[in-house]
file work05.txt (compact mmCIF, N, CA and C atoms)
# COMPACT_ATOMS: atom_id res chain seq x y z
N MET T 156 -36.28 46.48 26.71
CA MET T 156 -34.95 46.25 26.28
C MET T 156 -34.23 45.43 27.35
N ILE T 157 -33.68 44.35 26.90
CA ILE T 157 -33.01 43.45 27.83
C ILE T 157 -31.50 43.66 27.69
N GLN T 158 -30.88 43.88 28.82
CA GLN T 158 -29.45 44.09 28.82
C GLN T 158 -28.79 42.83 29.36
N SER T 159 -28.22 42.08 28.46
CA SER T 159 -27.59 40.83 28.88
C SER T 159 -26.16 40.78 28.37
N SER T 160 -25.35 41.65 28.87
CA SER T 160 -23.96 41.65 28.45
C SER T 160 -23.12 40.95 29.50
N ILE T 161 -22.20 40.17 29.04
CA ILE T 161 -21.34 39.42 29.95
C ILE T 161 -20.20 40.31 30.43
N GLY T 162 -19.69 41.16 29.56
CA GLY T 162 -18.55 42.00 29.88
C GLY T 162 -18.96 43.25 30.63
N PRO T 163 -17.94 44.06 30.98
CA PRO T 163 -18.22 45.30 31.71
C PRO T 163 -18.97 46.30 30.83
N SER T 164 -19.54 47.27 31.43
CA SER T 164 -20.32 48.25 30.70
C SER T 164 -19.41 49.24 29.97
N PHE T 165 -20.01 50.03 29.09
CA PHE T 165 -19.26 50.95 28.26
C PHE T 165 -18.47 52.00 29.05
N PRO T 166 -19.03 52.64 30.07
CA PRO T 166 -18.24 53.63 30.81
C PRO T 166 -17.01 53.02 31.48
N LEU T 167 -17.11 51.81 31.95
CA LEU T 167 -15.96 51.16 32.57
C LEU T 167 -14.88 50.88 31.52
N LEU T 168 -15.28 50.45 30.33
CA LEU T 168 -14.32 50.24 29.24
C LEU T 168 -13.62 51.54 28.86
N LEU T 169 -14.36 52.62 28.85
CA LEU T 169 -13.79 53.92 28.51
C LEU T 169 -12.75 54.35 29.55
N VAL T 170 -13.00 54.14 30.82
CA VAL T 170 -12.06 54.48 31.88
C VAL T 170 -10.79 53.63 31.76
N ILE T 171 -10.96 52.34 31.51
CA ILE T 171 -9.81 51.45 31.37
C ILE T 171 -8.97 51.88 30.15
N LEU T 172 -9.62 52.20 29.06
CA LEU T 172 -8.93 52.63 27.85
C LEU T 172 -8.16 53.93 28.10
N CYS T 173 -8.72 54.86 28.84
CA CYS T 173 -8.03 56.12 29.16
C CYS T 173 -6.78 55.85 30.00
N PHE T 174 -6.88 54.96 30.99
CA PHE T 174 -5.71 54.63 31.81
C PHE T 174 -4.61 53.94 30.99
N VAL T 175 -4.99 53.05 30.11
CA VAL T 175 -4.01 52.36 29.26
C VAL T 175 -3.35 53.36 28.31
N ALA T 176 -4.13 54.25 27.71
CA ALA T 176 -3.58 55.25 26.80
C ALA T 176 -2.64 56.20 27.53
N THR T 177 -3.01 56.61 28.74
CA THR T 177 -2.15 57.50 29.54
C THR T 177 -0.85 56.79 29.90
N GLY T 178 -0.93 55.55 30.28
CA GLY T 178 0.28 54.77 30.60
C GLY T 178 1.19 54.63 29.38
N ALA T 179 0.60 54.39 28.22
CA ALA T 179 1.39 54.27 26.99
C ALA T 179 2.07 55.60 26.66
N LEU T 180 1.35 56.70 26.82
CA LEU T 180 1.94 58.01 26.55
C LEU T 180 3.08 58.31 27.52
N VAL T 181 2.92 57.98 28.78
CA VAL T 181 3.98 58.19 29.77
C VAL T 181 5.20 57.35 29.41
N LEU T 182 4.98 56.12 28.99
CA LEU T 182 6.07 55.24 28.59
C LEU T 182 6.81 55.81 27.37
N ILE T 183 6.07 56.32 26.40
CA ILE T 183 6.68 56.90 25.21
C ILE T 183 7.50 58.14 25.58
N VAL T 184 6.97 58.98 26.47
CA VAL T 184 7.71 60.18 26.89
C VAL T 184 8.99 59.79 27.62
N LEU T 185 8.94 58.78 28.46
CA LEU T 185 10.14 58.32 29.16
C LEU T 185 11.19 57.79 28.18
N LEU T 186 10.75 57.01 27.20
CA LEU T 186 11.68 56.52 26.19
C LEU T 186 12.31 57.66 25.40
N LEU T 187 11.54 58.68 25.05
CA LEU T 187 12.07 59.83 24.34
C LEU T 187 13.09 60.59 25.19
N LEU T 188 12.82 60.72 26.49
CA LEU T 188 13.78 61.40 27.37
C LEU T 188 15.09 60.62 27.47
N ILE T 189 15.00 59.30 27.54
CA ILE T 189 16.22 58.48 27.59
C ILE T 189 17.01 58.61 26.30
N MET T 190 16.30 58.57 25.16
CA MET T 190 16.99 58.73 23.87
C MET T 190 17.65 60.11 23.77
N ASN T 191 16.95 61.13 24.25
CA ASN T 191 17.49 62.48 24.20
C ASN T 191 18.76 62.60 25.04
N SER T 192 18.77 61.98 26.22
CA SER T 192 19.96 62.07 27.06
C SER T 192 21.14 61.32 26.43
N LYS T 193 20.88 60.19 25.77
CA LYS T 193 21.96 59.46 25.11
C LYS T 193 22.51 60.23 23.92
N ILE T 194 21.63 60.86 23.16
CA ILE T 194 22.07 61.65 22.01
C ILE T 194 22.87 62.86 22.47
N SER T 195 22.43 63.54 23.53
CA SER T 195 23.18 64.71 24.00
C SER T 195 24.53 64.30 24.56
N ALA T 196 24.63 63.13 25.20
CA ALA T 196 25.92 62.64 25.69
C ALA T 196 26.86 62.34 24.53
N SER T 197 26.32 61.74 23.47
CA SER T 197 27.15 61.45 22.29
C SER T 197 27.60 62.75 21.63
N SER T 198 26.72 63.72 21.57
CA SER T 198 27.07 65.00 20.97
C SER T 198 28.15 65.71 21.78
N ALA T 199 28.05 65.66 23.09
CA ALA T 199 29.07 66.28 23.94
C ALA T 199 30.42 65.59 23.76
N LYS T 200 30.39 64.26 23.65
CA LYS T 200 31.64 63.52 23.45
C LYS T 200 32.27 63.87 22.11
N LEU T 201 31.45 63.98 21.06
CA LEU T 201 31.96 64.36 19.74
C LEU T 201 32.54 65.76 19.74
N SER T 202 31.88 66.69 20.41
CA SER T 202 32.39 68.05 20.43
C SER T 202 33.70 68.13 21.21
N ARG T 203 33.84 67.32 22.27
CA ARG T 203 35.10 67.30 23.01
C ARG T 203 36.23 66.77 22.14
N THR T 204 35.98 65.70 21.40
CA THR T 204 37.04 65.13 20.56
C THR T 204 37.36 66.04 19.39
N SER T 205 36.36 66.74 18.84
CA SER T 205 36.65 67.64 17.72
C SER T 205 37.42 68.86 18.20
N ARG T 206 37.18 69.32 19.42
CA ARG T 206 37.95 70.45 19.95
C ARG T 206 39.40 70.06 20.14
N LEU T 207 39.64 68.82 20.54
CA LEU T 207 41.01 68.37 20.77
C LEU T 207 41.75 68.15 19.46
N SER T 208 41.03 67.79 18.40
CA SER T 208 41.70 67.45 17.14
C SER T 208 41.93 68.65 16.23
N LYS T 209 41.37 69.83 16.56
CA LYS T 209 41.59 71.01 15.73
C LYS T 209 43.02 71.49 15.88
N PRO T 210 43.61 72.00 14.80
CA PRO T 210 44.96 72.57 14.91
C PRO T 210 44.96 73.78 15.83
N GLN T 211 46.12 74.11 16.36
CA GLN T 211 46.21 75.21 17.30
C GLN T 211 45.86 76.54 16.67
N ASN T 212 46.20 76.74 15.41
CA ASN T 212 45.92 78.01 14.77
C ASN T 212 44.62 77.98 13.97
N TYR T 213 43.72 77.03 14.24
CA TYR T 213 42.48 76.89 13.49
C TYR T 213 41.61 78.14 13.63
N GLU T 214 41.40 78.60 14.86
CA GLU T 214 40.55 79.76 15.08
C GLU T 214 41.16 81.01 14.49
N ARG T 215 42.48 81.10 14.53
CA ARG T 215 43.16 82.29 14.04
C ARG T 215 43.04 82.40 12.52
N THR T 216 43.04 81.28 11.81
CA THR T 216 43.03 81.30 10.35
C THR T 216 41.63 81.26 9.76
N GLN T 217 40.61 81.03 10.56
CA GLN T 217 39.25 80.96 10.03
C GLN T 217 38.81 82.33 9.53
N GLY T 218 38.26 82.36 8.34
CA GLY T 218 37.72 83.58 7.79
C GLY T 218 38.75 84.49 7.14
N LYS T 219 40.01 84.14 7.19
CA LYS T 219 41.03 84.98 6.58
C LYS T 219 41.42 84.41 5.23
N ILE T 220 41.61 85.28 4.26
CA ILE T 220 42.08 84.87 2.96
C ILE T 220 43.49 85.43 2.82
N ASP T 221 44.44 84.53 2.67
CA ASP T 221 45.83 84.95 2.57
C ASP T 221 46.16 85.36 1.15
N SER T 222 47.07 86.31 1.05
CA SER T 222 47.56 86.69 -0.27
C SER T 222 48.46 85.59 -0.79
N PRO T 223 48.71 85.52 -2.10
CA PRO T 223 49.55 84.46 -2.65
C PRO T 223 50.95 84.44 -2.05
N GLN T 224 51.50 85.62 -1.71
CA GLN T 224 52.84 85.66 -1.13
C GLN T 224 52.85 84.99 0.23
N VAL T 225 51.81 85.24 1.04
CA VAL T 225 51.75 84.64 2.37
C VAL T 225 51.61 83.14 2.25
N VAL T 226 50.77 82.68 1.33
CA VAL T 226 50.59 81.24 1.13
C VAL T 226 51.91 80.62 0.67
N GLU T 227 52.60 81.27 -0.25
CA GLU T 227 53.87 80.74 -0.75
C GLU T 227 54.89 80.66 0.38
N ASN T 228 54.97 81.70 1.21
CA ASN T 228 55.91 81.70 2.33
C ASN T 228 55.57 80.62 3.34
N ARG T 229 54.29 80.44 3.61
CA ARG T 229 53.88 79.42 4.56
C ARG T 229 54.22 78.04 4.02
N ASN T 230 53.99 77.81 2.73
CA ASN T 230 54.30 76.51 2.13
C ASN T 230 55.80 76.24 2.17
N MET T 231 56.60 77.27 1.98
CA MET T 231 58.04 77.07 2.01
C MET T 231 58.50 76.72 3.43
N GLU T 232 57.84 77.27 4.45
CA GLU T 232 58.23 76.98 5.82
C GLU T 232 57.83 75.56 6.21
N GLU T 233 56.74 75.04 5.64
CA GLU T 233 56.25 73.73 6.03
C GLU T 233 57.07 72.59 5.45
N ILE T 234 57.88 72.83 4.43
CA ILE T 234 58.65 71.78 3.80
C ILE T 234 59.85 71.47 4.67
N PRO T 235 59.96 70.25 5.17
CA PRO T 235 61.11 69.91 6.01
C PRO T 235 62.41 69.95 5.21
N VAL T 236 63.47 70.34 5.86
CA VAL T 236 64.78 70.47 5.20
C VAL T 236 65.31 69.07 4.90
N GLY T 237 65.86 68.90 3.69
CA GLY T 237 66.49 67.65 3.33
C GLY T 237 65.55 66.62 2.71
N THR T 238 64.34 67.00 2.37
CA THR T 238 63.42 66.04 1.76
C THR T 238 63.61 66.03 0.25
N HIS T 239 63.10 64.98 -0.38
CA HIS T 239 63.16 64.88 -1.84
C HIS T 239 62.35 66.00 -2.47
N TYR T 240 61.26 66.36 -1.82
CA TYR T 240 60.41 67.43 -2.37
C TYR T 240 61.18 68.75 -2.37
N GLU T 241 61.94 69.00 -1.33
CA GLU T 241 62.74 70.22 -1.28
C GLU T 241 63.80 70.21 -2.39
N GLN T 242 64.42 69.07 -2.61
CA GLN T 242 65.40 68.97 -3.70
C GLN T 242 64.74 69.27 -5.04
N PHE T 243 63.54 68.71 -5.24
CA PHE T 243 62.79 68.93 -6.46
C PHE T 243 62.51 70.42 -6.67
N LEU T 244 62.09 71.11 -5.62
CA LEU T 244 61.78 72.54 -5.74
C LEU T 244 63.03 73.38 -5.93
N ASN T 245 64.14 72.99 -5.31
CA ASN T 245 65.37 73.77 -5.40
C ASN T 245 66.07 73.63 -6.75
N GLU T 246 65.82 72.52 -7.46
CA GLU T 246 66.45 72.33 -8.77
C GLU T 246 66.02 73.42 -9.75
N GLU T 247 64.74 73.74 -9.74
CA GLU T 247 64.21 74.80 -10.60
C GLU T 247 63.28 75.67 -9.76
N PRO T 248 63.72 76.87 -9.39
CA PRO T 248 62.91 77.73 -8.50
C PRO T 248 61.54 78.11 -9.06
N GLU T 249 61.36 78.09 -10.38
CA GLU T 249 60.05 78.45 -10.92
C GLU T 249 59.00 77.38 -10.61
N ARG T 250 59.44 76.21 -10.19
CA ARG T 250 58.47 75.15 -9.81
C ARG T 250 57.65 75.59 -8.60
N ARG T 251 58.20 76.43 -7.75
CA ARG T 251 57.46 76.89 -6.57
C ARG T 251 56.25 77.73 -6.96
N ARG T 252 56.28 78.36 -8.12
CA ARG T 252 55.18 79.22 -8.54
C ARG T 252 54.10 78.46 -9.30
N LEU T 253 54.31 77.19 -9.57
CA LEU T 253 53.29 76.41 -10.27
C LEU T 253 52.08 76.20 -9.37
N PRO T 254 50.91 76.01 -9.98
CA PRO T 254 49.75 75.63 -9.17
C PRO T 254 50.00 74.27 -8.51
N LYS T 255 49.34 74.05 -7.41
CA LYS T 255 49.59 72.85 -6.62
C LYS T 255 49.43 71.57 -7.44
N LYS T 256 48.39 71.50 -8.25
CA LYS T 256 48.13 70.30 -9.04
C LYS T 256 49.29 70.01 -10.00
N GLU T 257 49.74 71.06 -10.69
CA GLU T 257 50.84 70.88 -11.64
C GLU T 257 52.15 70.59 -10.92
N LYS T 258 52.33 71.19 -9.75
CA LYS T 258 53.55 70.99 -8.97
C LYS T 258 53.70 69.52 -8.59
N PHE T 259 52.61 68.92 -8.11
CA PHE T 259 52.69 67.53 -7.69
C PHE T 259 52.76 66.57 -8.88
N LYS T 260 52.17 66.96 -9.99
CA LYS T 260 52.29 66.14 -11.20
C LYS T 260 53.75 66.11 -11.66
N ALA T 261 54.40 67.28 -11.64
CA ALA T 261 55.82 67.34 -12.00
C ALA T 261 56.68 66.61 -10.98
N TYR T 262 56.31 66.67 -9.72
CA TYR T 262 57.07 65.97 -8.68
C TYR T 262 56.99 64.46 -8.86
N ARG T 263 55.81 63.96 -9.21
CA ARG T 263 55.68 62.51 -9.46
C ARG T 263 56.55 62.09 -10.64
N ALA T 264 56.56 62.90 -11.70
CA ALA T 264 57.42 62.59 -12.86
C ALA T 264 58.89 62.64 -12.47
N TRP T 265 59.27 63.62 -11.66
CA TRP T 265 60.66 63.76 -11.20
C TRP T 265 61.09 62.55 -10.38
N ARG T 266 60.19 62.08 -9.51
CA ARG T 266 60.50 60.90 -8.70
C ARG T 266 60.70 59.67 -9.58
N THR T 267 59.89 59.55 -10.62
CA THR T 267 60.03 58.42 -11.54
C THR T 267 61.38 58.49 -12.25
N GLU T 268 61.75 59.70 -12.69
CA GLU T 268 63.04 59.87 -13.37
C GLU T 268 64.21 59.52 -12.46
N LYS T 269 64.12 59.88 -11.20
CA LYS T 269 65.21 59.66 -10.25
C LYS T 269 65.21 58.23 -9.69
N GLY T 270 64.16 57.47 -9.98
CA GLY T 270 64.07 56.10 -9.46
C GLY T 270 63.69 56.04 -8.00
N LEU T 271 62.94 57.03 -7.52
CA LEU T 271 62.56 57.07 -6.10
C LEU T 271 61.23 56.40 -5.83
N ASN T 272 60.50 56.02 -6.88
CA ASN T 272 59.21 55.36 -6.69
C ASN T 272 59.42 53.88 -6.40
N TRP T 273 58.48 53.31 -5.71
CA TRP T 273 58.55 51.88 -5.39
C TRP T 273 58.28 51.04 -6.64
N SER T 274 57.32 51.52 -7.43
CA SER T 274 57.00 50.78 -8.65
C SER T 274 57.93 51.23 -9.76
N LYS T 275 58.04 50.38 -10.79
CA LYS T 275 58.96 50.70 -11.89
C LYS T 275 58.24 51.33 -13.03

call {"tool": "encode", "arguments": {"input": "work05.txt", "output": "structure tokens"}}
result
Amino acid sequence: MIQSSIGPSFPLLLVILCFVATGALVLIVLLLLIMNSKISASSAKLSRTSRLSKPQNYERTQGKIDSPQVVENRNMEEIPVGTHYEQFLNEEPERRRLPKKEKFKAYRAWRTEKGLNWSK
């Protein structure tokens, strides 16, 4: 058997292939670590901004279901004095007991009647 190969022998090719594969794996692990650090930095930044944007009473109201009277009282407190919406509610007190959807539908009609809308 005559061995006349120009290139390196098989064991040498195997060693070179192992080194190249190891280098590629190390490179992939480094890239994954860099991506992980960037994602965790973005996540930390998002959590900081979401903590700042939550209302002050967010934690206090989570998980609580208010009775209709409490919700009605809270809604009455949130309405600024002297607004058109307050005038609308004060004209007929039973409007306060309407469901929200119907209340705003009636308010839009009331604004149209009073000429408070921009469109005609």

call {"tool": "atom_distance", "arguments": {"input": "work05.txt", "atom1": "CA of Ala196 (chain T)", "atom2": "atom C of Ala179 (chain T)"}}
result
24.9 Å

call {"tool": "atom_distance", "arguments": {"input": "work05.txt", "atom1": "CA of Leu244 (chain T)", "atom2": "CA of Trp265 (chain T)"}}
result
10.4 Å

call {"tool": "closest_residue", "arguments": {"input": "work05.txt", "among": "T:Gly178, T:Leu271, T:Tyr240, T:Thr204", "to": "Lys258 (chain T)", "atoms": "only C-alpha atoms"}}
result
T:Tyr240

call {"tool": "atom_distance", "arguments": {"input": "work05.txt", "atom1": "CA of Thr267 (chain T)", "atom2": "CA of Gln242 (chain T)"}}
result
14.2 Å
